[in-house]
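K.L.:
Below you'll find data14.csv; it's CSV, C-alpha atoms (C1' of nucleotides).
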```
chain,number,residue,atom,x,y,z
Y,1092,MET,CA,31.3,0.3,4.1
Y,1093,LEU,CA,28.0,-1.5,3.6
Y,1094,ALA,CA,26.5,1.9,3.5
Y,1095,ALA,CA,28.7,2.8,0.5
Y,1096,ALA,CA,27.7,-0.4,-1.2
Y,1097,ARG,CA,24.0,0.2,-0.6
Y,1098,ALA,CA,24.3,3.7,-2.0
Y,1099,ALA,CA,26.2,2.6,-5.0
Y,1100,PHE,CA,23.8,-0.3,-5.8
Y,1101,ALA,CA,20.8,2.0,-5.2
Y,1102,GLU,CA,22.1,4.7,-7.5
Y,1103,ARG,CA,23.6,2.8,-10.3
Y,1104,GLY,CA,22.1,-0.7,-10.1
Y,1105,PHE,CA,23.9,-4.0,-9.7
Y,1106,ASP,CA,25.8,-3.8,-13.0
Y,1107,GLY,CA,26.7,-0.2,-12.8
Y,1108,ALA,CA,28.1,-0.3,-9.4
Y,1109,SER,CA,31.7,-1.3,-9.3
Y,1110,ILE,CA,33.5,-2.7,-6.4
Y,1111,ARG,CA,36.3,-0.3,-7.1
Y,1112,ALA,CA,34.0,2.7,-6.8
Y,1113,ILE,CA,32.4,1.3,-3.7
Y,1114,ALA,CA,35.8,0.8,-2.1
Y,1115,ALA,CA,36.8,4.3,-3.1
Y,1116,THR,CA,33.8,5.9,-1.5
Y,1117,ALA,CA,34.3,3.9,1.6
Y,1118,ASP,CA,38.0,4.8,1.7
Y,1119,VAL,CA,39.1,1.2,1.8
Y,1120,ASP,CA,41.0,-1.1,-0.6
Y,1121,PRO,CA,39.0,-2.9,-3.3
Y,1122,ALA,CA,40.8,-6.1,-2.2
Y,1123,LEU,CA,39.3,-5.7,1.3
Y,1124,VAL,CA,35.8,-6.0,-0.1
Y,1125,HIS,CA,36.7,-9.3,-1.6
Y,1126,HIS,CA,38.3,-10.4,1.6
Y,1127,TYR,CA,35.2,-9.7,3.6
Y,1128,PHE,CA,32.4,-10.6,1.3
Y,1129,GLY,CA,34.0,-12.9,-1.4
Y,1130,THR,CA,32.0,-12.3,-4.5
Y,1131,LYS,CA,30.0,-9.3,-5.7
Y,1132,ASP,CA,26.8,-11.2,-5.3
Y,1133,LYS,CA,27.5,-11.8,-1.6
Y,1134,LEU,CA,28.3,-8.2,-1.1
Y,1135,PHE,CA,25.0,-7.3,-2.7
Y,1136,LEU,CA,23.1,-9.7,-0.6
Y,1137,ALA,CA,24.7,-8.4,2.6
Y,1138,ALA,CA,23.9,-4.8,1.5
Y,1139,VAL,CA,20.2,-5.4,0.8
Y,1140,ALA,CA,19.3,-8.2,3.2
Y,1141,ALA,CA,20.0,-6.2,6.4
Y,1142,PRO,CA,17.3,-3.5,6.5
Y,1143,ALA,CA,14.8,-5.6,4.7
Y,1144,ASP,CA,13.0,-6.7,7.8
Y,1145,PRO,CA,9.7,-4.9,8.2
Y,1146,ASP,CA,8.8,-6.7,11.4
Y,1147,GLU,CA,8.8,-3.5,13.4
Y,1148,LEU,CA,6.2,-1.7,11.3
Y,1149,LEU,CA,3.9,-4.5,10.4
Y,1150,PRO,CA,2.3,-5.0,13.8
Y,1151,GLU,CA,1.3,-1.4,13.7
Y,1152,VAL,CA,-0.5,-2.0,10.4
Y,1153,LEU,CA,-2.2,-5.1,11.6
Y,1154,ALA,CA,-3.4,-3.3,14.7
Y,1155,THR,CA,-5.5,-0.9,12.6
Y,1156,PRO,CA,-9.2,-1.8,12.0
Y,1157,ALA,CA,-9.7,-3.9,8.9
Y,1158,ASP,CA,-11.6,-1.1,7.1
Y,1159,ALA,CA,-8.6,1.3,7.5
Y,1160,ARG,CA,-6.0,-1.3,6.6
Y,1161,GLY,CA,-5.5,0.0,3.1
Y,1162,ALA,CA,-4.4,3.5,4.2
Y,1163,ALA,CA,-2.3,1.9,6.9
Y,1164,VAL,CA,-0.4,-0.2,4.4
Y,1165,VAL,CA,0.2,2.7,2.1
Y,1166,ARG,CA,1.5,4.7,5.0
Y,1167,MET,CA,3.8,1.9,6.1
Y,1168,VAL,CA,5.3,1.6,2.6
Y,1169,LEU,CA,5.9,5.3,2.4
Y,1170,ARG,CA,7.4,5.5,5.8
Y,1171,VAL,CA,9.8,2.7,4.9
Y,1172,TRP,CA,10.8,4.4,1.6
Y,1173,ASP,CA,11.1,7.8,3.2
Y,1174,GLY,CA,13.3,6.4,5.9
Y,1175,PRO,CA,16.9,5.2,6.1
Y,1176,ALA,CA,16.2,1.9,4.4
Y,1177,ARG,CA,15.5,3.5,1.0
Y,1178,PRO,CA,18.9,2.8,-0.5
Y,1179,ALA,CA,18.7,-0.9,0.3
Y,1180,ILE,CA,15.3,-1.4,-1.1
Y,1181,LEU,CA,16.0,0.8,-4.1
Y,1182,ALA,CA,19.0,-1.3,-4.8
Y,1183,LEU,CA,16.9,-4.5,-4.5
Y,1184,VAL,CA,14.3,-3.1,-6.9
Y,1185,ARG,CA,16.8,-1.8,-9.4
Y,1186,SER,CA,18.5,-5.1,-9.7
Y,1187,ALA,CA,15.3,-7.1,-9.6
Y,1188,VAL,CA,14.4,-5.6,-12.9
Y,1189,ASN,CA,17.4,-6.9,-14.7
Y,1190,HIS,CA,18.4,-10.1,-12.9
Y,1191,GLU,CA,16.0,-13.0,-12.5
Y,1192,TRP,CA,17.7,-14.2,-9.3
Y,1193,SER,CA,17.2,-10.9,-7.7
Y,1194,ALA,CA,13.6,-10.7,-9.0
Y,1195,LYS,CA,13.0,-14.0,-7.3
Y,1196,LEU,CA,14.4,-12.6,-4.1
Y,1197,LEU,CA,12.1,-9.6,-4.2
Y,1198,ARG,CA,9.1,-11.7,-5.2
Y,1199,GLU,CA,9.5,-14.0,-2.3
Y,1200,PHE,CA,10.3,-11.2,0.1
Y,1201,LEU,CA,7.1,-9.5,-0.9
Y,1202,LEU,CA,5.0,-12.7,-0.7
Y,1203,ALA,CA,6.3,-14.1,2.5
Y,1204,LYS,CA,6.9,-11.0,4.5
Y,1205,ILE,CA,4.3,-8.6,3.3
Y,1206,ILE,CA,1.4,-9.8,1.2
Y,1207,ARG,CA,0.7,-13.0,3.0
Y,1208,ARG,CA,0.7,-11.4,6.4
Y,1209,VAL,CA,-1.4,-8.4,5.4
Y,1210,VAL,CA,-4.1,-10.4,3.6
Y,1211,GLY,CA,-3.7,-13.2,6.1
Y,1212,SER,CA,-4.9,-10.8,8.8
Y,1213,ILE,CA,-8.2,-10.3,7.0
Y,1214,ASP,CA,-11.0,-12.7,6.9
Y,1215,MET,CA,-11.6,-13.9,3.4
Y,1216,PRO,CA,-12.0,-17.0,1.4
Y,1217,VAL,CA,-8.7,-18.8,0.9
Y,1218,GLU,CA,-8.8,-18.8,-2.8
Y,1219,GLU,CA,-9.0,-15.0,-2.8
Y,1220,ARG,CA,-5.9,-14.4,-0.7
Y,1221,ASP,CA,-3.3,-14.6,-3.5
Y,1222,VAL,CA,-5.3,-12.6,-6.0
Y,1223,ARG,CA,-6.1,-9.8,-3.6
Y,1224,GLY,CA,-2.5,-9.8,-2.3
Y,1225,ALA,CA,-1.1,-9.5,-5.8
Y,1226,LEU,CA,-3.5,-6.7,-6.7
Y,1227,VAL,CA,-2.4,-4.8,-3.6
Y,1228,ALA,CA,1.2,-5.4,-4.6
Y,1229,SER,CA,0.5,-4.1,-8.1
Y,1230,GLN,CA,-0.8,-0.8,-6.8
Y,1231,LEU,CA,2.0,-0.4,-4.2
Y,1232,ILE,CA,4.7,-1.3,-6.6
Y,1233,GLY,CA,3.3,1.1,-9.1
Y,1234,MET,CA,3.2,3.9,-6.5
Y,1235,VAL,CA,6.8,3.2,-5.5
Y,1236,MET,CA,8.0,3.0,-9.1
Y,1237,THR,CA,6.3,6.2,-10.1
Y,1238,ARG,CA,7.4,8.2,-7.1
Y,1239,TYR,CA,10.9,7.0,-6.4
Y,1240,VAL,CA,12.2,5.4,-9.5
Y,1241,LEU,CA,10.6,7.1,-12.4
Y,1242,GLN,CA,10.0,10.3,-10.3
Y,1243,LEU,CA,6.9,11.3,-12.2
Y,1244,GLU,CA,5.4,14.6,-11.0
Y,1245,PRO,CA,3.3,15.5,-9.1
Y,1246,LEU,CA,3.5,12.1,-7.4
Y,1247,ALA,CA,7.2,12.4,-6.7
Y,1248,SER,CA,6.7,15.6,-4.7
Y,1249,ALA,CA,3.4,14.8,-3.0
Y,1250,SER,CA,3.3,14.5,0.7
Y,1251,PRO,CA,2.8,11.1,2.3
Y,1252,ASP,CA,-0.6,12.2,3.6
Y,1253,GLU,CA,-1.8,13.1,0.2
Y,1254,LEU,CA,-0.7,9.8,-1.3
Y,1255,VAL,CA,-2.3,7.9,1.5
Y,1256,ALA,CA,-5.6,9.7,0.8
Y,1257,ALA,CA,-5.4,9.1,-2.9
Y,1258,VAL,CA,-4.3,5.5,-3.2
Y,1259,GLY,CA,-5.4,4.2,0.2
Y,1260,PRO,CA,-8.9,3.6,-1.0
Y,1261,THR,CA,-7.6,1.6,-3.9
Y,1262,VAL,CA,-5.7,-0.8,-1.7
Y,1263,GLN,CA,-8.7,-0.9,0.6
Y,1264,ARG,CA,-10.8,-2.1,-2.2
Y,1265,TYR,CA,-8.4,-4.7,-3.2
Y,1266,LEU,CA,-8.2,-6.0,0.4
Y,1267,THR,CA,-11.8,-5.9,1.5
Y,1268,GLY,CA,-13.9,-4.4,-1.3
Y,1269,ASP,CA,-15.9,-5.7,-4.2
Y,1270,VAL,CA,-13.5,-6.9,-6.8
Y,1271,ASP,CA,-14.1,-9.0,-9.9
Y,1272,LEU,CA,-11.6,-11.7,-9.1
Y,1273,PRO,CA,-9.6,-13.8,-11.6
Y,1274,GLY,CA,-10.1,-17.5,-11.3
M,571,MET,CA,18.6,-7.3,-36.8
M,572,LEU,CA,16.7,-4.6,-34.8
M,573,ALA,CA,14.6,-7.5,-33.7
M,574,ALA,CA,17.6,-9.2,-32.2
M,575,ALA,CA,18.6,-6.0,-30.5
M,576,ARG,CA,15.2,-5.5,-29.0
M,577,ALA,CA,15.1,-9.1,-27.8
M,578,ALA,CA,18.5,-8.8,-26.2
M,579,PHE,CA,17.8,-5.4,-24.6
M,580,ALA,CA,14.4,-6.7,-23.3
M,581,GLU,CA,15.9,-9.9,-21.9
M,582,ARG,CA,19.1,-8.7,-20.3
M,583,GLY,CA,18.7,-4.9,-20.0
M,584,PHE,CA,20.8,-2.2,-21.5
M,585,ASP,CA,24.0,-3.1,-19.7
M,586,GLY,CA,23.7,-6.9,-20.0
M,587,ALA,CA,23.1,-6.9,-23.7
M,588,SER,CA,26.3,-6.9,-25.6
M,589,ILE,CA,26.7,-5.8,-29.2
M,590,ARG,CA,28.6,-9.0,-29.8
M,591,ALA,CA,25.8,-11.2,-28.7
M,592,ILE,CA,23.2,-9.2,-30.6
M,593,ALA,CA,25.3,-9.5,-33.7
M,594,ALA,CA,25.7,-13.2,-33.2
M,595,THR,CA,22.0,-13.8,-32.9
M,596,ALA,CA,21.3,-11.7,-35.9
M,597,ASP,CA,24.1,-13.6,-37.8
M,598,VAL,CA,26.0,-10.5,-38.7
M,599,ASP,CA,29.3,-9.0,-37.8
M,600,PRO,CA,29.6,-6.8,-34.7
M,601,ALA,CA,31.3,-4.2,-36.7
M,602,LEU,CA,28.3,-3.9,-39.0
M,603,VAL,CA,26.2,-2.8,-36.0
M,604,HIS,CA,28.6,0.0,-35.4
M,605,HIS,CA,28.6,0.9,-39.0
M,606,TYR,CA,24.9,1.2,-39.2
M,607,PHE,CA,24.0,2.7,-35.8
M,608,GLY,CA,27.2,4.2,-34.5
M,609,THR,CA,27.1,3.9,-30.7
M,610,LYS,CA,25.2,1.5,-28.5
M,611,ASP,CA,22.9,4.3,-27.3
M,612,LYS,CA,21.8,5.0,-30.8
M,613,LEU,CA,21.2,1.3,-31.4
M,614,PHE,CA,19.1,1.2,-28.3
M,615,LEU,CA,17.1,4.2,-29.3
M,616,ALA,CA,16.5,2.8,-32.8
M,617,ALA,CA,15.3,-0.5,-31.2
M,618,VAL,CA,12.9,1.0,-28.7
M,619,ALA,CA,11.7,4.1,-30.6
M,620,ALA,CA,10.2,2.2,-33.5
M,621,PRO,CA,7.1,0.4,-32.0
M,622,ALA,CA,6.6,3.1,-29.3
M,623,ASP,CA,3.8,4.7,-31.2
M,624,PRO,CA,0.4,4.0,-29.7
M,625,ASP,CA,-1.4,6.2,-32.2
M,626,GLU,CA,-3.3,3.3,-33.6
M,627,LEU,CA,-4.9,2.1,-30.3
M,628,LEU,CA,-5.5,5.4,-28.6
M,629,PRO,CA,-8.4,6.5,-30.7
M,630,GLU,CA,-10.2,3.3,-29.9
M,631,VAL,CA,-9.8,4.1,-26.2
M,632,LEU,CA,-10.9,7.7,-26.6
M,633,ALA,CA,-14.0,6.5,-28.5
M,634,THR,CA,-15.3,4.7,-25.4
M,635,PRO,CA,-17.8,6.5,-23.2
M,636,ALA,CA,-16.1,8.3,-20.3
M,637,ASP,CA,-17.4,6.0,-17.7
M,638,ALA,CA,-15.9,3.0,-19.3
M,639,ARG,CA,-12.6,4.7,-20.0
M,640,GLY,CA,-10.8,3.0,-17.2
M,641,ALA,CA,-11.4,-0.5,-18.5
M,642,ALA,CA,-10.6,0.6,-22.0
M,643,VAL,CA,-7.2,2.0,-20.9
M,644,VAL,CA,-6.3,-1.2,-19.1
M,645,ARG,CA,-7.3,-3.2,-22.0
M,646,MET,CA,-5.2,-1.1,-24.4
M,647,VAL,CA,-2.1,-1.5,-22.2
M,648,LEU,CA,-2.6,-5.2,-22.0
M,649,ARG,CA,-3.1,-5.5,-25.7
M,650,VAL,CA,0.1,-3.6,-26.4
M,651,TRP,CA,2.1,-5.7,-23.9
M,652,ASP,CA,0.7,-9.0,-25.1
M,653,GLY,CA,1.4,-8.0,-28.7
M,654,PRO,CA,4.6,-7.9,-30.8
M,655,ALA,CA,5.7,-4.6,-29.2
M,656,ARG,CA,6.5,-6.2,-25.9
M,657,PRO,CA,10.2,-6.7,-26.3
M,658,ALA,CA,10.7,-3.0,-27.2
M,659,ILE,CA,8.7,-1.7,-24.3
M,660,LEU,CA,10.2,-4.2,-21.9
M,661,ALA,CA,13.6,-3.0,-23.0
M,662,LEU,CA,12.7,0.6,-22.4
M,663,VAL,CA,11.3,-0.2,-19.0
M,664,ARG,CA,14.3,-2.3,-18.0
M,665,SER,CA,16.8,0.4,-18.8
M,666,ALA,CA,14.6,3.2,-17.5
M,667,VAL,CA,15.1,1.7,-14.0
M,668,ASN,CA,18.9,2.0,-14.2
M,669,HIS,CA,19.6,5.0,-16.4
M,670,GLU,CA,18.3,8.4,-15.8
M,671,TRP,CA,18.4,9.4,-19.5
M,672,SER,CA,16.2,6.4,-20.3
M,673,ALA,CA,13.9,7.1,-17.4
M,674,LYS,CA,13.4,10.6,-18.8
M,675,LEU,CA,12.6,9.1,-22.1
M,676,LEU,CA,10.0,6.9,-20.7
M,677,ARG,CA,8.6,9.6,-18.5
M,678,GLU,CA,8.1,12.0,-21.3
M,679,PHE,CA,6.7,9.3,-23.5
M,680,LEU,CA,4.1,8.4,-20.9
M,681,LEU,CA,3.3,12.0,-20.2
M,682,ALA,CA,3.0,13.3,-23.7
M,683,LYS,CA,1.7,10.3,-25.6
M,684,ILE,CA,-0.5,8.6,-23.0
M,685,ILE,CA,-1.5,10.4,-19.9
M,686,ARG,CA,-2.1,13.8,-21.3
M,687,ARG,CA,-4.3,12.5,-24.0
M,688,VAL,CA,-6.3,10.2,-21.9
M,689,VAL,CA,-7.0,12.6,-19.1
M,690,GLY,CA,-7.2,15.4,-21.7
M,691,SER,CA,-10.2,13.7,-23.2
M,692,ILE,CA,-12.2,13.9,-20.0
M,693,ASP,CA,-13.8,17.0,-18.7
M,694,MET,CA,-12.1,18.0,-15.4
M,695,PRO,CA,-10.6,21.0,-13.7
M,696,VAL,CA,-7.1,21.8,-15.2
M,697,GLU,CA,-5.3,21.5,-11.9
M,698,GLU,CA,-6.5,17.9,-11.5
M,699,ARG,CA,-5.2,16.7,-14.8
M,700,ASP,CA,-1.6,16.0,-13.8
M,701,VAL,CA,-2.5,14.3,-10.5
M,702,ARG,CA,-5.2,12.1,-11.9
M,703,GLY,CA,-2.9,11.2,-14.8
M,704,ALA,CA,0.0,10.3,-12.5
M,705,LEU,CA,-2.3,8.2,-10.4
M,706,VAL,CA,-3.5,6.3,-13.4
M,707,ALA,CA,0.1,5.8,-14.4
M,708,SER,CA,1.0,4.5,-11.0
M,709,GLN,CA,-1.6,1.7,-11.2
M,710,LEU,CA,-0.8,0.8,-14.8
M,711,ILE,CA,2.9,0.8,-14.2
M,712,GLY,CA,2.3,-1.4,-11.2
M,713,MET,CA,0.2,-3.8,-13.1
M,714,VAL,CA,2.8,-4.1,-15.8
M,715,MET,CA,5.7,-4.5,-13.4
M,716,THR,CA,3.9,-7.1,-11.4
M,717,ARG,CA,2.7,-9.1,-14.4
M,718,TYR,CA,5.6,-8.8,-16.9
M,719,VAL,CA,8.7,-7.9,-15.0
M,720,LEU,CA,8.3,-9.4,-11.5
M,721,GLN,CA,6.0,-12.1,-12.8
M,722,LEU,CA,4.1,-12.4,-9.5
M,723,GLU,CA,1.4,-15.0,-9.6
M,724,PRO,CA,-1.5,-15.2,-10.0
M,725,LEU,CA,-1.4,-11.8,-11.9
M,726,ALA,CA,1.2,-13.1,-14.3
M,727,SER,CA,-1.0,-15.8,-15.6
M,728,ALA,CA,-4.4,-14.1,-15.4
M,729,SER,CA,-6.3,-13.4,-18.5
M,730,PRO,CA,-6.6,-9.9,-19.9
M,731,ASP,CA,-10.3,-9.9,-19.2
M,732,GLU,CA,-9.8,-10.8,-15.6
M,733,LEU,CA,-7.3,-8.0,-15.2
M,734,VAL,CA,-9.5,-5.5,-16.9
M,735,ALA,CA,-12.3,-6.4,-14.5
M,736,ALA,CA,-10.1,-6.2,-11.4
M,737,VAL,CA,-8.0,-3.1,-12.0
M,738,GLY,CA,-10.3,-1.3,-14.5
M,739,PRO,CA,-12.4,0.2,-11.7
M,740,THR,CA,-9.3,1.6,-10.0
M,741,VAL,CA,-8.2,3.4,-13.1
M,742,GLN,CA,-11.8,4.6,-13.6
M,743,ARG,CA,-11.8,6.1,-10.1
M,744,TYR,CA,-8.6,7.9,-10.7
M,745,LEU,CA,-10.0,9.3,-13.9
M,746,THR,CA,-13.5,10.3,-13.0
M,747,GLY,CA,-14.2,9.2,-9.5
M,748,ASP,CA,-14.0,10.8,-6.1
M,749,VAL,CA,-10.4,11.1,-5.2
M,750,ASP,CA,-8.7,13.1,-2.4
M,751,LEU,CA,-6.3,14.9,-4.5
M,752,PRO,CA,-2.9,16.2,-3.6
M,753,GLY,CA,-2.4,20.0,-3.9
G,656,DG,C1',29.8,-2.7,-47.9
G,657,DT,C1',31.7,-6.4,-45.2
G,658,DC,C1',34.8,-8.6,-42.1
G,659,DT,C1',39.5,-9.2,-39.6
G,660,DA,C1',42.3,-7.6,-36.2
G,661,DT,C1',43.1,-5.0,-32.6
G,662,DA,C1',43.3,-0.9,-29.5
G,663,DC,C1',41.6,0.6,-25.2
G,664,DG,C1',39.2,0.7,-21.1
G,665,DT,C1',36.9,-1.5,-17.2
G,666,DG,C1',35.8,-4.6,-13.8
G,667,DG,C1',35.9,-8.9,-11.0
G,668,DA,C1',38.9,-11.8,-8.8
G,669,DT,C1',43.5,-13.8,-7.0
G,670,DA,C1',48.3,-14.2,-5.3
G,671,DG,C1',51.5,-12.9,-2.4
G,672,DA,C1',54.4,-9.4,0.1
G,673,DC,C1',54.3,-6.9,4.5
B,583,DG,C1',44.5,-8.1,8.3
B,584,DT,C1',45.9,-4.8,4.8
B,585,DC,C1',47.5,-3.4,0.5
B,586,DT,C1',50.2,-3.8,-4.2
B,587,DA,C1',50.4,-5.9,-8.3
B,588,DT,C1',48.5,-8.5,-11.6
B,589,DC,C1',45.6,-11.8,-14.3
B,590,DC,C1',41.9,-12.5,-17.2
B,591,DA,C1',37.6,-12.0,-19.4
B,592,DC,C1',34.6,-9.0,-21.6
B,593,DG,C1',32.7,-5.0,-24.2
B,594,DT,C1',32.9,-0.8,-27.0
B,595,DA,C1',34.8,1.1,-30.6
B,596,DT,C1',38.0,1.9,-34.6
B,597,DA,C1',41.3,1.2,-38.4
B,598,DG,C1',42.1,-0.8,-42.4
B,599,DA,C1',42.3,-4.8,-45.6
B,600,DC,C1',39.4,-7.2,-49.1
```
Please re-express this file's structure in structure tokens.

P.N.:
Amino acid sequence: MLAAARAAFAERGFDGASIRAIAATADVDPALVHHYFGTKDKLFLAAVAAPADPDELLPEVLATPADARGAAVVRMVLRVWDGPARPAILALVRSAVNHEWSAKLLREFLLAKIIRRVVGSIDMPVEERDVRGALVASQLIGMVMTRYVLQLEPLASASPDELVAAVGPTVQRYLTGDVDLPG
Amino acid sequence: MLAAARAAFAERGFDGASIRAIAATADVDPALVHHYFGTKDKLFLAAVAAPADPDELLPEVLATPADARGAAVVRMVLRVWDGPARPAILALVRSAVNHEWSAKLLREFLLAKIIRRVVGSIDMPVEERDVRGALVASQLIGMVMTRYVLQLEPLASASPDELVAAVGPTVQRYLTGDVDLPG
DNA sequence: GTCTATACGTGGATAGAC
DNA sequence: GTCTATCCACGTATAGAC
């Protein structure tokens, strides 16, 4: 049932997905959804919050040498997106674009769970952490949007290895390279 | 009146923006909107299609030397987004995330009007054009999403010059640099 | 041309029977 | 716990008076 919700939110966005349709795909009564989750917001949160924990993949990334961290991060992102968690994250991204509260959710998730920990694992001046982290995020978000949301070819059909080879160096530069930093 | 529509679409997305609200902000009758534009889709197209012509800024970019093209592209993008066209593009982006037909619109706009012409102005093997173009798009889209949609700090508050300095080199590498290319 | 009134559908949410 | 029935708000779109 959460699976149906995730799929619907991922496919049609928060507004487009109706509780009725979700209930129909899950072969249950619409009233049941309310009974279990209360409001639509809560259902959404339950649907996206579950698989949003990257704690299993991050250690692997942090175990790579610092000068290969860029490629490792890109590979992790692709692995998550090409795995079973895609509907949940896609749903989160889709609604983050149209709802501020959801954008805040994604923002803080990115910051606390990903960016801080990736850049935090690398030795650099404190004042550079946030900027480098945001730059990394910009390239990763762009890659994800282009490949999975906008589906712009040939990026959409490229293999993970090819993508890692192409955008890994960019992330690496943002992490440890020579960057003209704001501020 | 188109201005009100643009603002509403940009702020609340295609679904969230109601013709009633648009008409209210524009101080006209909702029925008038239908009378002029017919359906909501047509109104949307009219609102976003107008300022979507970058023909004025592109020549300036193409006039820069090839090894400074990356920075020039980034600067152009920022200039457009920080200018009066922002609501229109923001509206297009917002709805492109949730509606396939709108995504297609944005995709083809990017391809035909921007990417093809920027990479087309640089001497490179034909089979590299699409890939390099898509990579450029991925970084630009990411920058825009991070800064204007997600509003992740400190990128959201950085000055254009700072951004050009930081992400310009990335775009430059995608355009003319040494990249491990898919395919 | 401009506005009033309204049809028509949809979707979230609730009450209450079983 | 599960489902039927229904309420209510909102949004698109149209018909028709002025």

K.L.:
Taking 2 positions as the minimum chain separation for residues in the same chain, which residues sit within 8 Å of Y:Val1270 when counting all atoms listed in the file? Answer as JSON, numbers by chain.

P.N.:
{"Y": [1264, 1265, 1268, 1272], "M": [735, 736]}

K.L.:
With a distance cut-off of 12 Å and all atoms listed in the file, select the neighbouring residues of M:Met694, excluding the residue or stretch itself and same-chain residues fewer than 3 positions from it, and output the selection as a PyMOL selection string.

P.N.:
chain M and resi 636+688-691+697-703+744-748

K.L.:
Please check the contacts: residues of chain Y at most 8 Å away from chain G, using only C-alpha atoms (C1' of nucleotides), listed as JSON, numbers by chain.

P.N.:
{"Y": [1109, 1110, 1111, 1125, 1131]}

K.L.:
Write down, as a PyMOL selection string, each residue of chain B that has any atom within 10 Å of an atom of chain M, counting only C-alpha atoms (C1' of nucleotides).

P.N.:
chain B and resi 592-596

K.L.:
So, counting all atoms listed in the file, which residue among Y:Pro1150, Y:Pro1251, Y:Gly1107, Y:Pro1121 is closest to Y:Ile1205?

P.N.:
Y:Pro1150

K.L.:
Counting all atoms listed in the file, what are the residues of chain Y within 7 Å of chain M, and for each of them which pair of atoms is the nearest and at what distance in Å, to one decimal? Sort the table by chain and rising number, as a tab-separated table.

P.N.:
```
residue	atom	partner	partner_atom	distance
Y:Arg1103	CA	M:Asn668	CA	6.2
Y:Gly1104	CA	M:Asn668	CA	5.9
Y:Asp1106	CA	M:Asp585	CA	7.0
Y:Arg1185	CA	M:Val667	CA	6.0
Y:Val1188	CA	M:Arg664	CA	6.1
Y:Asn1189	CA	M:Gly583	CA	5.8
Y:Ala1194	CA	M:Leu720	CA	6.0
Y:Arg1198	CA	M:Leu722	CA	6.6
Y:Asp1221	CA	M:Pro724	CA	6.8
Y:Val1222	CA	M:Pro724	CA	6.1
Y:Ala1225	CA	M:Leu725	CA	6.5
Y:Ser1229	CA	M:Gly712	CA	4.5
Y:Gln1230	CA	M:Gln709	CA	5.1
Y:Ile1232	CA	M:Gly712	CA	5.2
Y:Gly1233	CA	M:Gly712	CA	3.4
Y:Met1234	CA	M:Ser708	CA	5.0
Y:Thr1237	CA	M:Ser708	CA	5.6
Y:Val1240	CA	M:Val667	CA	6.5
Y:Leu1241	CA	M:Ala673	CA	6.0
Y:Leu1243	CA	M:Arg677	CA	6.7
Y:Pro1245	CA	M:Val701	CA	6.1
Y:Leu1246	CA	M:Ala704	CA	6.4
Y:Ala1249	CA	M:Pro752	CA	6.5
Y:Glu1253	CA	M:Pro752	CA	5.0
Y:Ala1256	CA	M:Asp750	CA	5.6
Y:Ala1257	CA	M:Asp750	CA	5.2
Y:Thr1261	CA	M:Thr740	CA	6.3
Y:Val1270	CA	M:Ala736	CA	5.8
Y:Asp1271	CA	M:Ala736	CA	5.1
Y:Leu1272	CA	M:Ala736	CA	6.1
Y:Pro1273	CA	M:Glu732	CA	5.0
```
